[in-house]
file coords-v3.cif (mmCIF, C-alpha atoms)
data_data
loop_
_atom_site.label_atom_id
_atom_site.label_comp_id
_atom_site.auth_asym_id
_atom_site.auth_seq_id
_atom_site.Cartn_x
_atom_site.Cartn_y
_atom_site.Cartn_z
CA MET A 1 54.49 32.03 101.27
CA ARG A 2 54.85 31.44 104.97
CA SER A 3 55.91 35.03 105.53
CA THR A 4 53.35 36.68 103.27
CA LEU A 5 50.35 34.88 104.75
CA PRO A 6 50.36 36.66 108.13
CA PHE A 7 50.87 39.93 106.27
CA LEU A 8 47.82 39.32 104.09
CA LEU A 9 45.79 38.33 107.13
CA THR A 10 46.82 41.56 108.86
CA ILE A 11 45.63 43.63 105.92
CA LEU A 12 42.35 41.73 105.72
CA ALA A 13 41.79 42.00 109.46
CA ALA A 14 42.73 45.68 109.64
CA PRO A 15 39.28 47.17 109.03
CA ALA A 16 37.86 45.14 111.91
CA VAL A 17 40.14 46.79 114.48
CA ALA A 18 40.36 50.56 114.20
CA ALA A 19 43.93 51.91 114.30
CA PRO A 20 45.60 49.09 116.24
CA LEU A 21 48.85 49.85 117.95
CA ALA A 22 52.09 48.18 116.91
CA VAL A 23 53.83 46.62 119.90
CA ASP A 24 57.58 47.24 120.06
CA TYR A 25 58.59 43.83 121.45
CA ALA A 26 62.20 44.87 122.01
CA LYS A 27 61.00 47.47 124.50
CA SER A 28 58.14 45.47 126.00
CA GLU A 29 58.23 42.82 128.67
CA ILE A 30 56.03 40.52 130.70
CA THR A 31 57.74 39.55 133.95
CA PHE A 32 56.54 37.82 137.10
CA VAL A 33 57.57 37.23 140.69
CA SER A 34 56.80 33.91 142.33
CA LYS A 35 57.55 33.19 145.97
CA GLN A 36 58.96 29.99 147.43
CA MET A 37 59.65 29.88 151.16
CA ASN A 38 58.97 33.62 151.03
CA VAL A 39 61.90 34.06 148.65
CA PRO A 40 60.86 36.25 145.70
CA VAL A 41 62.05 34.70 142.42
CA ASP A 42 62.02 36.76 139.22
CA GLY A 43 60.80 35.20 136.01
CA GLN A 44 59.92 36.39 132.55
CA VAL A 45 58.04 35.53 129.39
CA ARG A 46 60.49 35.48 126.52
CA LYS A 47 58.03 35.07 123.66
CA PHE A 48 54.57 36.55 123.33
CA THR A 49 52.44 38.28 120.73
CA MET A 50 49.98 41.03 121.39
CA GLN A 51 47.19 42.73 119.49
CA LEU A 52 46.47 46.04 121.05
CA ASP A 53 44.29 49.06 120.62
CA PHE A 54 43.88 51.85 123.10
CA ASP A 55 43.03 55.53 123.10
CA PRO A 56 43.16 57.23 126.52
CA LYS A 57 40.28 59.47 125.41
CA LYS A 58 38.12 56.44 124.64
CA PRO A 59 39.32 53.70 127.00
CA GLU A 60 36.07 51.70 126.61
CA ALA A 61 36.96 51.10 122.96
CA GLY A 62 40.33 49.62 123.88
CA MET A 63 41.16 45.95 123.48
CA VAL A 64 44.07 43.60 123.94
CA LYS A 65 44.73 40.00 123.03
CA ILE A 66 47.87 38.31 124.26
CA ASP A 67 49.33 34.94 123.27
CA ILE A 68 52.13 33.58 125.41
CA ASP A 69 54.38 30.74 124.32
CA VAL A 70 54.48 28.45 127.38
CA ALA A 71 57.86 26.97 126.37
CA SER A 72 59.37 30.46 126.50
CA ILE A 73 58.49 31.08 130.16
CA ASP A 74 61.62 31.43 132.26
CA ALA A 75 60.75 30.83 135.92
CA GLY A 76 64.17 31.97 137.12
CA SER A 77 66.36 28.86 137.06
CA ASP A 78 67.14 25.95 134.74
CA GLU A 79 65.86 23.50 137.35
CA ALA A 80 62.51 25.29 137.62
CA ASN A 81 62.17 25.61 133.82
CA VAL A 82 62.57 21.85 133.39
CA GLU A 83 59.70 21.33 135.86
CA LEU A 84 57.46 24.15 134.67
CA VAL A 85 56.44 22.54 131.37
CA LYS A 86 55.58 19.24 133.07
CA ARG A 87 52.01 18.06 133.53
CA VAL A 88 51.58 19.14 137.16
CA TRP A 89 52.69 22.72 136.34
CA LEU A 90 51.78 24.20 132.94
CA ASP A 91 51.59 21.00 130.86
CA GLY A 92 53.25 22.67 127.90
CA ALA A 93 52.88 19.63 125.64
CA LYS A 94 49.07 19.71 125.89
CA PHE A 95 48.61 23.46 126.40
CA PRO A 96 51.41 25.27 124.53
CA LYS A 97 49.76 28.71 124.80
CA VAL A 98 48.52 30.99 127.53
CA GLU A 99 45.88 33.38 126.22
CA PHE A 100 44.35 36.57 127.46
CA THR A 101 41.49 38.35 125.70
CA SER A 102 40.12 41.57 127.11
CA THR A 103 36.40 41.95 127.61
CA ALA A 104 36.31 45.47 129.06
CA VAL A 105 38.61 48.45 129.52
CA LYS A 106 37.64 51.33 131.76
CA ALA A 107 39.09 54.47 133.30
CA LEU A 108 39.92 54.48 137.03
CA PRO A 109 40.18 57.60 139.20
CA GLY A 110 43.59 59.28 139.12
CA GLY A 111 44.24 58.88 135.42
CA ARG A 112 44.68 55.12 135.66
CA PHE A 113 42.85 52.43 133.74
CA GLU A 114 41.75 48.86 134.24
CA VAL A 115 41.55 46.01 131.80
CA ALA A 116 39.42 42.96 132.52
CA GLY A 117 39.32 39.84 130.43
CA ARG A 118 39.46 36.09 130.12
CA MET A 119 42.72 34.37 130.94
CA THR A 120 43.15 30.81 129.70
CA ILE A 121 45.93 28.75 131.22
CA LYS A 122 46.17 24.97 131.05
CA GLY A 123 42.63 24.64 129.70
CA THR A 124 41.10 26.68 132.51
CA THR A 125 39.56 30.09 131.81
CA ARG A 126 39.12 32.67 134.54
CA THR A 127 38.29 36.34 134.57
CA VAL A 128 41.18 38.51 135.70
CA SER A 129 41.67 42.26 135.78
CA ALA A 130 44.69 44.50 135.99
CA PRO A 131 45.09 48.21 136.63
CA PHE A 132 47.51 49.99 134.33
CA THR A 133 48.86 53.38 133.36
CA ALA A 134 49.24 54.77 129.85
CA LYS A 135 51.87 57.38 129.14
CA ALA A 136 52.45 59.11 125.82
CA GLN A 137 56.04 58.87 124.61
CA GLY A 138 56.19 60.88 121.42
CA THR A 139 53.95 59.03 118.98
CA ALA A 140 54.14 55.89 121.13
CA GLN A 141 52.33 54.88 124.30
CA LEU A 142 53.86 53.12 127.27
CA PHE A 143 51.54 50.83 129.23
CA GLU A 144 52.57 49.57 132.65
CA GLY A 145 50.63 47.49 135.11
CA ALA A 146 50.63 44.57 137.50
CA PHE A 147 48.20 42.14 139.07
CA LEU A 148 48.18 39.05 141.24
CA LEU A 149 47.43 35.75 139.60
CA LYS A 150 46.39 32.86 141.82
CA ARG A 151 48.20 29.87 140.35
CA LEU A 152 45.93 27.26 141.98
CA GLU A 153 42.86 28.67 140.19
CA PHE A 154 44.55 27.40 137.02
CA LYS A 155 45.88 24.17 138.57
CA ILE A 156 49.44 25.41 138.14
CA GLY A 157 51.28 23.13 140.56
CA GLU A 158 49.17 20.07 141.32
CA GLY A 159 49.52 17.32 143.91
CA PRO A 160 52.18 18.07 146.50
CA TRP A 161 52.89 21.40 144.76
CA SER A 162 49.44 22.71 145.69
CA ASP A 163 50.86 23.25 149.17
CA THR A 164 51.19 27.03 149.42
CA GLU A 165 53.51 26.85 152.44
CA THR A 166 56.37 26.20 150.01
CA VAL A 167 55.30 27.89 146.78
CA ALA A 168 52.87 30.76 147.34
CA ASP A 169 49.53 30.77 145.53
CA GLU A 170 49.90 34.35 144.38
CA VAL A 171 52.20 35.19 141.50
CA GLN A 172 52.69 38.84 140.70
CA ILE A 173 52.51 39.50 136.97
CA ARG A 174 53.97 42.75 135.66
CA PHE A 175 53.77 44.11 132.16
CA LYS A 176 55.44 46.97 130.37
CA VAL A 177 54.40 47.47 126.79
CA LEU A 178 55.60 50.11 124.38
CA ALA A 179 53.32 50.49 121.38
CA ASN A 180 53.56 52.77 118.39
CA THR A 181 50.59 54.32 116.71
CA ALA A 182 50.34 52.65 113.34
CA PRO A 183 50.50 55.06 110.39
CA LYS A 184 47.03 55.84 109.08
CA MET B 185 94.29 23.32 184.43
CA THR B 186 92.94 26.46 182.78
CA ARG B 187 89.84 25.72 180.71
CA TYR B 188 88.27 27.76 177.96
CA THR B 189 85.48 29.99 179.33
CA ARG B 190 82.03 28.42 179.45
CA ILE B 191 80.88 30.75 176.67
CA ALA B 192 83.82 29.74 174.46
CA GLN B 193 83.08 26.05 175.13
CA LEU B 194 79.39 26.49 174.40
CA LEU B 195 80.09 28.29 171.11
CA HIS B 196 82.69 25.68 170.06
CA TRP B 197 80.35 22.72 170.57
CA LEU B 198 77.26 24.46 169.25
CA ILE B 199 79.09 25.43 166.05
CA ALA B 200 80.59 21.92 165.77
CA LEU B 201 77.12 20.34 166.04
CA ALA B 202 75.63 22.82 163.56
CA ILE B 203 78.44 22.22 161.04
CA PHE B 204 78.11 18.41 161.26
CA THR B 205 74.35 18.73 160.85
CA ASN B 206 74.46 21.12 157.93
CA LEU B 207 77.23 19.26 156.11
CA ALA B 208 75.33 15.96 156.33
CA PHE B 209 72.00 17.64 155.54
CA GLY B 210 73.41 19.51 152.55
CA THR B 211 75.07 16.40 151.15
CA TRP B 212 71.79 14.50 151.46
CA MET B 213 69.34 17.15 150.22
CA VAL B 214 71.09 17.60 146.85
CA THR B 215 70.42 13.93 146.04
CA LEU B 216 66.63 14.33 146.38
CA ASP B 217 64.21 14.61 143.45
CA PHE B 218 62.64 18.02 142.86
CA SER B 219 59.75 18.40 145.35
CA PRO B 220 58.28 20.95 147.76
CA GLN B 221 60.28 19.25 150.54
CA LYS B 222 63.49 19.77 148.61
CA LEU B 223 62.80 23.51 148.27
CA ARG B 224 62.09 23.70 152.00
CA PHE B 225 65.26 21.78 152.83
CA TYR B 226 67.35 24.19 150.74
CA SER B 227 65.93 27.07 152.76
CA TYR B 228 66.60 25.27 156.07
CA HIS B 229 70.17 24.59 154.94
CA LYS B 230 70.69 28.30 154.16
CA TRP B 231 69.16 29.40 157.47
CA LEU B 232 71.43 27.07 159.41
CA GLY B 233 74.44 28.22 157.36
CA ALA B 234 73.65 31.87 158.06
CA SER B 235 73.27 31.00 161.76
CA ILE B 236 76.69 29.30 161.78
CA PHE B 237 78.23 32.38 160.16
CA MET B 238 76.83 34.64 162.88
CA LEU B 239 77.82 32.25 165.67
CA VAL B 240 81.41 32.20 164.33
CA LEU B 241 81.51 36.01 164.33
CA LEU B 242 80.24 35.97 167.91
CA ARG B 243 82.86 33.40 168.81
CA LEU B 244 85.70 35.44 167.28
CA ALA B 245 84.49 38.57 169.10
CA TRP B 246 84.43 36.63 172.39
CA ARG B 247 87.90 35.26 171.72
CA LEU B 248 89.30 38.79 171.28
CA GLY B 249 88.36 39.57 174.87
CA HIS B 250 89.07 36.10 176.31
CA ARG B 251 92.39 34.63 175.18
CA PRO B 252 92.49 30.82 175.03
CA PRO B 253 94.54 29.00 177.68
CA PRO B 254 98.19 28.46 176.66
CA LEU B 255 99.25 25.25 174.87
CA PRO B 256 100.93 22.57 177.01
CA VAL B 257 104.67 23.18 177.56
CA HIS B 258 105.64 19.74 176.24
CA MET B 259 104.57 20.59 172.68
CA PRO B 260 107.46 20.96 170.21
CA ALA B 261 107.64 24.10 168.10
CA TRP B 262 106.37 22.43 164.91
CA GLU B 263 103.26 21.19 166.74
CA ARG B 264 102.56 24.69 168.05
CA VAL B 265 102.87 26.13 164.55
CA ALA B 266 100.68 23.33 163.13
CA ALA B 267 98.05 23.95 165.82
CA HIS B 268 97.95 27.70 165.21
CA VAL B 269 97.85 27.33 161.43
CA SER B 270 95.11 24.69 161.44
CA HIS B 271 93.01 26.65 163.98
CA THR B 272 93.33 29.83 161.92
CA VAL B 273 92.38 28.03 158.72
CA LEU B 274 89.43 26.36 160.48
CA TYR B 275 88.14 29.73 161.68
CA ALA B 276 88.57 31.12 158.16
CA LEU B 277 86.71 28.14 156.64
CA THR B 278 83.81 28.34 159.09
CA LEU B 279 83.27 31.84 157.66
CA ALA B 280 84.23 31.08 154.04
CA VAL B 281 81.88 28.08 153.68
CA PRO B 282 78.69 30.02 154.52
CA ILE B 283 79.87 33.01 152.48
CA SER B 284 80.46 30.77 149.43
CA GLY B 285 76.98 29.29 149.87
CA TRP B 286 75.43 32.74 150.18
CA LEU B 287 77.16 33.96 147.00
CA PHE B 288 76.27 30.71 145.19
CA SER B 289 72.61 31.18 146.08
CA SER B 290 72.61 34.84 144.96
CA ALA B 291 74.30 33.97 141.65
CA LYS B 292 71.63 31.29 141.14
CA GLY B 293 69.01 34.03 141.49
CA PHE B 294 67.73 32.97 144.90
CA LYS B 295 67.87 35.50 147.66
CA THR B 296 68.23 34.05 151.16
CA VAL B 297 65.32 35.04 153.40
CA TYR B 298 66.38 34.18 156.95
CA PHE B 299 63.66 32.10 158.64
CA ALA B 300 61.38 33.23 155.75
CA ILE B 301 61.27 36.66 157.42
CA VAL B 302 64.51 38.63 157.08
CA PRO B 303 65.86 39.07 153.54
CA ILE B 304 69.65 38.87 153.45
CA PRO B 305 70.90 41.24 150.74
CA ASP B 306 72.48 39.73 147.65
CA LEU B 307 76.12 40.77 147.30
CA ILE B 308 76.15 39.74 143.66
CA ALA B 309 73.50 39.72 140.93
CA LYS B 310 72.05 36.63 139.28
CA ASN B 311 74.73 35.09 137.04
CA PRO B 312 74.26 31.38 136.17
CA PRO B 313 77.81 30.76 134.79
CA LEU B 314 79.28 32.31 137.96
CA ALA B 315 76.86 30.17 140.01
CA ASP B 316 78.48 27.03 138.55
CA VAL B 317 81.91 28.27 139.65
CA LEU B 318 80.66 29.21 143.12
CA LYS B 319 79.00 25.81 143.50
CA LEU B 320 82.40 24.21 142.96
CA TRP B 321 83.91 26.61 145.52
CA HIS B 322 81.20 25.82 148.06
CA LEU B 323 81.82 22.07 147.60
CA SER B 324 85.62 22.33 147.63
CA LEU B 325 85.74 24.53 150.73
CA ASN B 326 83.47 22.01 152.48
CA TYR B 327 85.74 19.10 151.56
CA ILE B 328 88.79 21.00 152.82
CA MET B 329 86.95 21.90 156.03
CA ALA B 330 85.80 18.31 156.55
CA ALA B 331 89.40 17.08 156.11
CA LEU B 332 90.66 19.66 158.60
CA VAL B 333 87.94 18.72 161.09
CA VAL B 334 89.09 15.09 160.89
CA LEU B 335 92.65 16.25 161.58
CA HIS B 336 91.39 18.48 164.42
CA ILE B 337 89.55 15.57 166.09
CA ALA B 338 92.50 13.22 165.59
CA ALA B 339 94.83 15.77 167.20
CA ALA B 340 92.48 16.27 170.18
CA LEU B 341 92.29 12.50 170.75
CA LYS B 342 96.07 12.14 170.41
CA HIS B 343 96.55 14.87 173.03
CA HIS B 344 94.08 13.26 175.39
CA PHE B 345 94.97 9.57 175.09
CA LYS B 346 98.60 9.55 173.91
CA ASP B 347 100.17 12.75 175.24
CA ARG B 348 97.80 12.64 178.24
CA ASP B 349 97.64 16.43 178.45
CA ASP B 350 94.68 18.79 179.01
CA VAL B 351 94.10 20.00 175.45
CA LEU B 352 90.75 18.17 175.08
CA ALA B 353 89.66 18.56 178.72
CA ARG B 354 90.02 22.35 178.64
CA MET B 355 87.33 22.52 175.92
CA LEU B 356 84.99 20.43 178.10
CA PRO B 357 83.19 21.57 181.25
CA TYR B 358 83.40 18.36 183.31
CA VAL B 359 86.14 16.01 182.09
CA ARG B 360 88.84 15.80 184.77
CA SER B 361 92.36 16.74 183.95
CA ASN B 362 94.63 13.87 183.00
CA ARG B 363 96.93 14.88 185.83
CA GLY B 364 94.14 15.17 188.36
CA ALA B 365 94.60 18.93 188.77
#
call {"tool": "encode", "arguments": {"input": "coords-v3.cif", "output": "structure tokens"}}
result
Amino acid sequence: MRSTLPFLLTILAAPAVAAPLAVDYAKSEITFVSKQMNVPVDGQVRKFTMQLDFDPKKPEAGMVKIDIDVASIDAGSDEANVELVKRVWLDGAKFPKVEFTSTAVKALPGGRFEVAGRMTIKGTTRTVSAPFTAKAQGTAQLFEGAFLLKRLEFKIGEGPWSDTETVADEVQIRFKVLANTAPK
Amino acid sequence: MTRYTRIAQLLHWLIALAIFTNLAFGTWMVTLDFSPQKLRFYSYHKWLGASIFMLVLLRLAWRLGHRPPPLPVHMPAWERVAAHVSHTVLYALTLAVPISGWLFSSAKGFKTVYFAIVPIPDLIAKNPPLADVLKLWHLSLNYIMAALVVLHIAAALKHHFKDRDDVLARMLPYVRSNRGA
């Protein structure tokens, strides 16, 4: 039952979203670079789900919804991961998910695009936007983009950690998503 | 009495001070709870370690062009051998300790950015299991170096106060020779 329920929901929800793309999670990644003492530290999101629809000919009709499992965020070291889920950082016990829901997708000059939407982290919602590219790969599309997230806008790192001399405010988020066109 | 050159003396004492400082600082900082200060201290420790490494290279280059004064004639052969071996190992350790720390940091996934400005390239990629091994190396090399430094100081004091020769005085700019020369 547990496995058939999401399947049924997908079928029921299908008419609402025209031709959604199927994300190939094995070939998709959300990574980030934080800076402490000007030392860039690579991190990654190990578990996320994504609903996605995008047609380069009709970018305005595109949408994306992303759910990130806070416990799966790897900040680059075991020591940092122990701290990251604590209250002053992401408070994983109270806020187990990070969510992004797009509100607008538009074309930019030079064949690029931009997605804007609401990002909810640790109970705080802010509007963020990210430029991205979309490349056709056979029947699939590869989306790549990056943007700067200001951690303090979401109270990520409170108290002494709000000092940006040690840990920079800006965290660069990068995403690479390979999505297949679902069979019609 | 022939002393070491002023440059050689300066480098010896500067490196000695830096090593004492960084050894004590490193031993202390690892005991702290996770905090912004701790992250800063780790960076300071790496910057000082990188500085020591460069000072040792400078010192070795200087030594190539400026041979140290000869050992006192009274020293028996075994003491001469012991002095040469321990000095060589000390030089090697003053390079090996910062290198082990540098590799340890890289394997942990933390690049060293010298004075938060100049990135020092990582020689090895992030590799947490290797980082655990390198941590042990960094610690062990430090213990061996600390033991040798104790021996080095004991030998210098023995030369000065027991043998009453110029071995300690020649590394100092002002101390008079034991024989008044």
call {"tool": "residues_around", "arguments": {"input": "coords-v3.cif", "residues": "Asn311 in chain B", "least_positions_apart": "6", "cutoff": "12 Å", "atoms": "all atoms listed in the file", "output": "compact mmCIF listing (two decimals) with C-alpha atoms, keeping the file's coordinate frame"}}
result
# COMPACT_ATOMS: atom_id res chain seq x y z
CA GLY A 76 64.17 31.97 137.12
CA SER A 77 66.36 28.86 137.06
CA LEU B 287 77.16 33.96 147.00
CA PHE B 288 76.27 30.71 145.19
CA SER B 289 72.61 31.18 146.08
CA SER B 290 72.61 34.84 144.96
CA ALA B 291 74.30 33.97 141.65
CA LYS B 292 71.63 31.29 141.14
CA GLY B 293 69.01 34.03 141.49
CA PHE B 294 67.73 32.97 144.90
CA VAL B 317 81.91 28.27 139.65
CA LEU B 318 80.66 29.21 143.12
call {"tool": "residues_around", "arguments": {"input": "coords-v3.cif", "residues": "range 281-283 of chain B", "least_positions_apart": "4", "cutoff": "12 Å", "atoms": "all atoms listed in the file", "output": "PyMOL selection string"}}
result
chain B and resi 202-203+206-207+210+229-241+273-277+287-290+296+304+306-308+318-330
call {"tool": "atom_distance", "arguments": {"input": "coords-v3.cif", "atom1": "CA of Leu332 in chain B", "atom2": "CA of Ala266 in chain B"}}
result
11.6 Å
call {"tool": "interface_residues", "arguments": {"input": "coords-v3.cif", "of": "chain A", "to": "chain B", "cutoff": "12 Å", "atoms": "all atoms listed in the file", "output": "MDAnalysis selection string"}}
result
chainID A and resid 33:43 75:84 88 157:168
call {"tool": "atom_distance", "arguments": {"input": "coords-v3.cif", "atom1": "CA of Ala107 in chain A", "atom2": "CA of Phe54 in chain A"}}
result
11.6 Å
call {"tool": "atom_distance", "arguments": {"input": "coords-v3.cif", "atom1": "CA of Leu178 in chain A", "atom2": "CA of Thr120 in chain A"}}
result
23.6 Å
call {"tool": "closest_residue", "arguments": {"input": "coords-v3.cif", "among": "B:Ile337, B:Ala280, B:Leu198, B:Pro313", "to": "Val351 in chain B", "atoms": "all atoms listed in the file"}}
result
B:Ile337
call {"tool": "build_atoms", "arguments": {"input": "coords-v3.cif", "residues": "range 329-354 of chain B", "atoms": "N, CA and C atoms", "output": "mmCIF file, in the coordinates of the input"}}
result
data_model
loop_
_atom_site.group_PDB
_atom_site.id
_atom_site.type_symbol
_atom_site.label_atom_id
_atom_site.label_comp_id
_atom_site.auth_asym_id
_atom_site.auth_seq_id
_atom_site.Cartn_x
_atom_site.Cartn_y
_atom_site.Cartn_z
ATOM 1 N N MET B 329 87.326 21.746 154.627
ATOM 2 C CA MET B 329 86.950 21.900 156.030
ATOM 3 C C MET B 329 86.736 20.541 156.692
ATOM 4 N N ALA B 330 86.058 19.638 155.988
ATOM 5 C CA ALA B 330 85.800 18.310 156.550
ATOM 6 C C ALA B 330 87.121 17.586 156.830
ATOM 7 N N ALA B 331 88.085 17.720 155.913
ATOM 8 C CA ALA B 331 89.400 17.080 156.110
ATOM 9 C C ALA B 331 90.104 17.678 157.325
ATOM 10 N N LEU B 332 90.022 18.998 157.458
ATOM 11 C CA LEU B 332 90.660 19.660 158.600
ATOM 12 C C LEU B 332 89.989 19.284 159.923
ATOM 13 N N VAL B 333 88.665 19.109 159.880
ATOM 14 C CA VAL B 333 87.940 18.720 161.090
ATOM 15 C C VAL B 333 88.395 17.324 161.537
ATOM 16 N N VAL B 334 88.591 16.431 160.569
ATOM 17 C CA VAL B 334 89.090 15.090 160.890
ATOM 18 C C VAL B 334 90.459 15.192 161.565
ATOM 19 N N LEU B 335 91.317 16.033 161.016
ATOM 20 C CA LEU B 335 92.650 16.250 161.580
ATOM 21 C C LEU B 335 92.547 16.834 163.002
ATOM 22 N N HIS B 336 91.631 17.803 163.153
ATOM 23 C CA HIS B 336 91.390 18.480 164.420
ATOM 24 C C HIS B 336 90.962 17.481 165.505
ATOM 25 N N ILE B 337 90.037 16.574 165.133
ATOM 26 C CA ILE B 337 89.550 15.570 166.090
ATOM 27 C C ILE B 337 90.665 14.581 166.415
ATOM 28 N N ALA B 338 91.400 14.169 165.380
ATOM 29 C CA ALA B 338 92.500 13.220 165.590
ATOM 30 C C ALA B 338 93.545 13.827 166.533
ATOM 31 N N ALA B 339 93.842 15.098 166.349
ATOM 32 C CA ALA B 339 94.830 15.770 167.200
ATOM 33 C C ALA B 339 94.338 15.852 168.644
ATOM 34 N N ALA B 340 93.041 16.169 168.826
ATOM 35 C CA ALA B 340 92.480 16.270 170.180
ATOM 36 C C ALA B 340 92.568 14.919 170.889
ATOM 37 N N LEU B 341 92.244 13.832 170.143
ATOM 38 C CA LEU B 341 92.290 12.500 170.750
ATOM 39 C C LEU B 341 93.730 12.085 171.061
ATOM 40 N N LYS B 342 94.645 12.449 170.173
ATOM 41 C CA LYS B 342 96.070 12.140 170.410
ATOM 42 C C LYS B 342 96.555 12.843 171.682
ATOM 43 N N HIS B 343 96.165 14.131 171.831
ATOM 44 C CA HIS B 343 96.550 14.870 173.030
ATOM 45 C C HIS B 343 96.001 14.213 174.287
ATOM 46 N N HIS B 344 94.750 13.778 174.202
ATOM 47 C CA HIS B 344 94.080 13.260 175.390
ATOM 48 C C HIS B 344 94.574 11.871 175.780
ATOM 49 N N PHE B 345 94.688 10.973 174.764
ATOM 50 C CA PHE B 345 94.970 9.570 175.090
ATOM 51 C C PHE B 345 96.443 9.207 174.956
ATOM 52 N N LYS B 346 97.192 9.900 174.094
ATOM 53 C CA LYS B 346 98.600 9.550 173.910
ATOM 54 C C LYS B 346 99.498 10.468 174.732
ATOM 55 N N ASP B 347 99.340 11.789 174.502
ATOM 56 C CA ASP B 347 100.170 12.750 175.240
ATOM 57 C C ASP B 347 99.698 12.891 176.693
ATOM 58 N N ARG B 348 98.431 12.533 176.915
ATOM 59 C CA ARG B 348 97.800 12.640 178.240
ATOM 60 C C ARG B 348 97.942 14.040 178.832
ATOM 61 N N ASP B 349 97.652 15.051 177.948
ATOM 62 C CA ASP B 349 97.640 16.430 178.450
ATOM 63 C C ASP B 349 96.194 16.937 178.531
ATOM 64 N N ASP B 350 96.022 18.242 178.741
ATOM 65 C CA ASP B 350 94.680 18.790 179.010
ATOM 66 C C ASP B 350 94.023 19.474 177.812
ATOM 67 N N VAL B 351 94.609 19.275 176.626
ATOM 68 C CA VAL B 351 94.100 20.000 175.450
ATOM 69 C C VAL B 351 92.613 19.726 175.186
ATOM 70 N N LEU B 352 92.169 18.466 175.305
ATOM 71 C CA LEU B 352 90.750 18.170 175.080
ATOM 72 C C LEU B 352 89.910 18.588 176.296
ATOM 73 N N ALA B 353 90.421 18.284 177.490
ATOM 74 C CA ALA B 353 89.660 18.560 178.720
ATOM 75 C C ALA B 353 89.349 20.043 178.889
ATOM 76 N N ARG B 354 90.240 20.909 178.414
ATOM 77 C CA ARG B 354 90.020 22.350 178.640
ATOM 78 C C ARG B 354 88.901 22.889 177.747
#
